[in-house]
Structure formats: C-alpha cells, structure tokens
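Engineer: Quick one: the structure is below, and I'll ask about it shortly.
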Amino acid sequence: MKTLAVISRKGGAGKTTLSVNLAITAHLSGLRTMLADIDPQRSASDALRARAGDGPVLAEINAGKLFSTQVQAKSADFDVIVIDTPASPEAEALQAINCADLCVLVCRPTFLDIASVVRSAEAVRRLGKKGLIVLNQAPPRRNGAEPPAVLKAVEALRFSGMPLAGVGLRARNVFQQSIAHGRSVCEWEPKSPAAEEISRLWTLLAPMLLGQEDIRVRAG
Ligand SMILES: Nc1ncnc2c1ncn2[C@@H]1O[C@H](COP(=O)(O)OP(=O)(O)OP(=O)(O)O)[C@@H](O)[C@H]1O
Ligand SMILES: [Mg+2]
C-alpha cells in the first residue's frame, strides 16, 4: 500500500481539488483507494459526500490518526491512500509528509506560492521523501504561447531542488463544477482538456507512487 500526500502551505492552491481528482482517478483505475481528509475544514469530505455511487473510501481524521489509519488501511488491503492536508499548521503537513511515499506540492504560478513551495520542498527533502511540484491554476496559453507568469514560475521552480511535473493544470471552470458533485473532471467532462490534464498527471504519478510492477499486477 502506498501513500500520496498533497501539500501546499498556501491556502487555496488546489490541494483539495487535486486530492479528490487523483483519488477518484486511482479508484476508477481499479485501485482500492482511501481519501484521508486531515483538514478540519473538511472540503474533501464535502466533495466526496456529494458523490453518488461508489468511489474512494473517505477517512475524516486528524493528522495524529494518520499512522494508525495507514496500518488499518494496509490490513484492509487498500492499495493507495491520498491525503488532503490543511495549509496550516505546519506540524500537520509534516505529519502527512512523514507518512507519505510521494508528496505532491501544489503551486500556483505566483511569487508567494513559489516562495512557499520552496520551503515545503525543503521539508520534504529533510524528511527524505520523494516529491514533485505540480503547477495548478495556470492561466491558459494565448495564441499558443505560454503566459509569462507560467514561464517565470517554471524558471523559479528550477531552484527549488524538486522536479516540476511536466504536466500542470490550467485554471478551468470544470474543476469547480465537477467537485461540487463529488466527480473528477474525467467523469464530468471526459473529453475536456482538464480531463486530459488529470489523466496525464495520474499516468506520471502512478509509477512514481506504486512502481511499475504494482501497476502491471493490477492491470492483470
Ligand atoms: N485548476 C483549477 N481551475 C479552476 N479552479 C480551481 C482549480 N484548482 C482549484 N480551483 C478552485 O480554487 C479554489 C481553491 O481550491 P482548493 O479548495 O482545492 O484549494 P486548497 O489548497 O485545498 O485550499 P485550502 O488551503 O483552503 O484547503 C476552489 O474554489 C477550487 O474550485
Ligand atoms: Mg483544501
């Protein structure tokens, strides 16, 4: 069983949006998936409660329960836990990082987000964990050209010492619409660019999290 922690010390960066979309994508790929919501705001729980039908199993817990939840999930034969974390306090994010096999650091292409993610990247490194930065809410391309804010962010993040995912998420309404129904963008608008972004991101993250061998076994 593997654990993915979604981290950003900046509020509103997109932790919950990413956690919910990735947990549902993992579930739909046939993995027994738990979404652990350790944010007292309970946004991920609100999203999953709005969902009709089957989906990831929800664990509404505080950070102090992460370790015992992992033990229980392992013995219940779960494959993946996705942890949605709060922006603060720092101790809670550190607990999630400690429990994680892979940390996804969510970052909007803004100066303050980047400064914050650099600090989180340091924490992930200090704790000896694998991590990856994912740009979220990037403005769309204009006439095929990448907006300056995105180019600047990519340049600045090169100095974070943590790899930047080759696939990011643009600011798109479908992320807001789908989560209100507890659905991933891939379920809500399967042919949308947002769905393609999430599918490509999961294709990138799954081998980092699970290892190729696990994926082959699950794929049968
Ligand atoms: N790629 C996106 N495109 C459009 N809207 C987005 C995108 N990602 C997130 N949002 C919106 O931005 C807001 C904040 O997102 P979200 O709640 O996922 O952030 P968060 O990091 O979990 O926030 P918090 O720190 O409060 O937990 C929400 O209204 C969400 O719908
Ligand atoms: Mg959140």
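Following the order of the structure tokens, chains are lettered A, B, ..., residues in each are numbered from 1, and ligands are numbered from 1.
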Env of region 156-164 of chain A: 8 Å cut, atoms = only C-alpha atoms, seq-sep filter 5 positions within chain, self excluded. Answer as a list in words.
Structural biologist: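 Counting only the stated atoms, we get Ile114, Val117, Val118, Ala121, Glu122, Gly131, Leu132, Ile133, Val134 and Leu135 of chain A.
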Engineer: Return as a PyMOL selection string the residues of protein, DNA or RNA that approach ligand 1 to within 6 Å, with only C-alpha atoms and all ligand atoms taken into account.
Structural biologist: chain A and resi 11-17+86-87+136-137+169-173+175-176
Engineer: Output the neighbourhood of ligand 2 as JSON, numbers by chain, that is, all protein and nucleic acid residues with some atom at most 12 Å from the ligand, counting only C-alpha atoms and all ligand atoms.
Structural biologist: {"A": [6, 7, 8, 9, 10, 11, 12, 13, 14, 15, 16, 17, 18, 19, 20, 36, 37, 38, 39, 40, 41, 42, 43, 44, 45, 46, 47, 83, 84, 85, 86, 87, 88, 106, 179]}
Engineer: Apply DSSP to the backbone of this structure and, from region 20-61 of chain A, keep only the residues in strand (DSSP E); write these as a PyMOL selection string.
Structural biologist: chain A and resi 33-37+57-60
Engineer: For Leu209 (chain A), which residue out of A:Met1, A:Val154, A:Cys186, A:Ala50 is the nearest one, using only C-alpha atoms?
Structural biologist: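 Result for the nearest residue to Leu209 (chain A): A:Met1.
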Engineer: Interatomic distance between CA of Gly211 (chain A) and CA of Arg51 (chain A)?
Structural biologist: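 Spanning CA of Gly211 (chain A) to CA of Arg51 (chain A) is a straight-line distance of 29.4 Å.
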Engineer: Could you name the residues that touch Val57 (chain A) at 7 Å or less, counting only C-alpha atoms, but leaving out those on the same chain fewer than 6 positions away, as a tab-separated table (two decimals) with C-alpha atoms, in the first residue's frame?
Structural biologist:
chain	number	residue	atom	x	y	z
A	33	THR	CA	-8.31	3.87	-2.64
A	34	MET	CA	-8.80	5.83	0.57
A	35	LEU	CA	-9.01	9.62	0.69
Engineer: Using only C-alpha atoms, which residues sit within 10 Å of Asp79 (chain A) once same-chain residues fewer than 6 positions away are excluded, as an MDAnalysis selection string?
Structural biologist: chainID A and resid 1:3 26:27 30:34 73 210 214 218
Engineer: Show which residues sit within 12 Å of Val71 (chain A), as an MDAnalysis selection string. Count only C-alpha atoms, and ignore same-chain residues fewer than 4 positions away.
Structural biologist: chainID A and resid 1:3 65:67 75:78 81 99
Engineer: Residues of the last selection are to be written out with N, CA and C atoms, as a PDB file, in the first residue's frame.
Structural biologist:
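This went into part-v2.pdb:
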ATOM      1  N   MET A   1       0.833  -1.195   0.000  1.00  0.00           N
ATOM      2  CA  MET A   1       0.000   0.000   0.000  1.00  0.00           C
ATOM      3  C   MET A   1       0.878   1.259   0.000  1.00  0.00           C
ATOM      4  N   LYS A   2       0.491   2.245  -0.786  1.00  0.00           N
ATOM      5  CA  LYS A   2       1.300   3.456  -0.918  1.00  0.00           C
ATOM      6  C   LYS A   2       0.470   4.699  -0.566  1.00  0.00           C
ATOM      7  N   THR A   3       1.184   5.718  -0.075  1.00  0.00           N
ATOM      8  CA  THR A   3       0.502   6.931   0.385  1.00  0.00           C
ATOM      9  C   THR A   3       1.011   8.153  -0.367  1.00  0.00           C
ATOM     10  N   LYS A  65      -4.002  10.821  13.668  1.00  0.00           N
ATOM     11  CA  LYS A  65      -4.536   9.480  13.399  1.00  0.00           C
ATOM     12  C   LYS A  65      -3.985   8.882  12.098  1.00  0.00           C
ATOM     13  N   LEU A  66      -3.097   9.620  11.440  1.00  0.00           N
ATOM     14  CA  LEU A  66      -2.643   9.156  10.119  1.00  0.00           C
ATOM     15  C   LEU A  66      -1.964   7.791  10.185  1.00  0.00           C
ATOM     16  N   PHE A  67      -1.073   7.657  11.167  1.00  0.00           N
ATOM     17  CA  PHE A  67      -0.291   6.429  11.217  1.00  0.00           C
ATOM     18  C   PHE A  67      -1.193   5.216  11.458  1.00  0.00           C
ATOM     19  N   SER A  75      -4.067  -3.351   6.450  1.00  0.00           N
ATOM     20  CA  SER A  75      -4.627  -4.671   6.765  1.00  0.00           C
ATOM     21  C   SER A  75      -5.981  -4.875   6.077  1.00  0.00           C
ATOM     22  N   ALA A  76      -6.637  -3.793   5.680  1.00  0.00           N
ATOM     23  CA  ALA A  76      -7.902  -3.921   4.928  1.00  0.00           C
ATOM     24  C   ALA A  76      -7.631  -4.013   3.421  1.00  0.00           C
ATOM     25  N   ASP A  77      -6.349  -4.152   3.059  1.00  0.00           N
ATOM     26  CA  ASP A  77      -5.966  -4.394   1.664  1.00  0.00           C
ATOM     27  C   ASP A  77      -6.179  -3.200   0.728  1.00  0.00           C
ATOM     28  N   PHE A  78      -6.061  -2.011   1.286  1.00  0.00           N
ATOM     29  CA  PHE A  78      -6.096  -0.836   0.402  1.00  0.00           C
ATOM     30  C   PHE A  78      -4.797  -0.781  -0.404  1.00  0.00           C
ATOM     31  N   ILE A  81      -3.506   5.437  -0.371  1.00  0.00           N
ATOM     32  CA  ILE A  81      -4.149   6.496   0.426  1.00  0.00           C
ATOM     33  C   ILE A  81      -3.716   7.834  -0.162  1.00  0.00           C
ATOM     34  N   CYS A  99       4.342  10.394   6.619  1.00  0.00           N
ATOM     35  CA  CYS A  99       3.607   9.157   6.308  1.00  0.00           C
ATOM     36  C   CYS A  99       3.650   8.829   4.820  1.00  0.00           C
TER      37      CYS A  99
END
Engineer: What is the CA of Lys152 (chain A) to CA of Ser120 (chain A) distance in Å?
Structural biologist: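 One can read the CA of Lys152 (chain A) to CA of Ser120 (chain A) distance as 19.1 Å.
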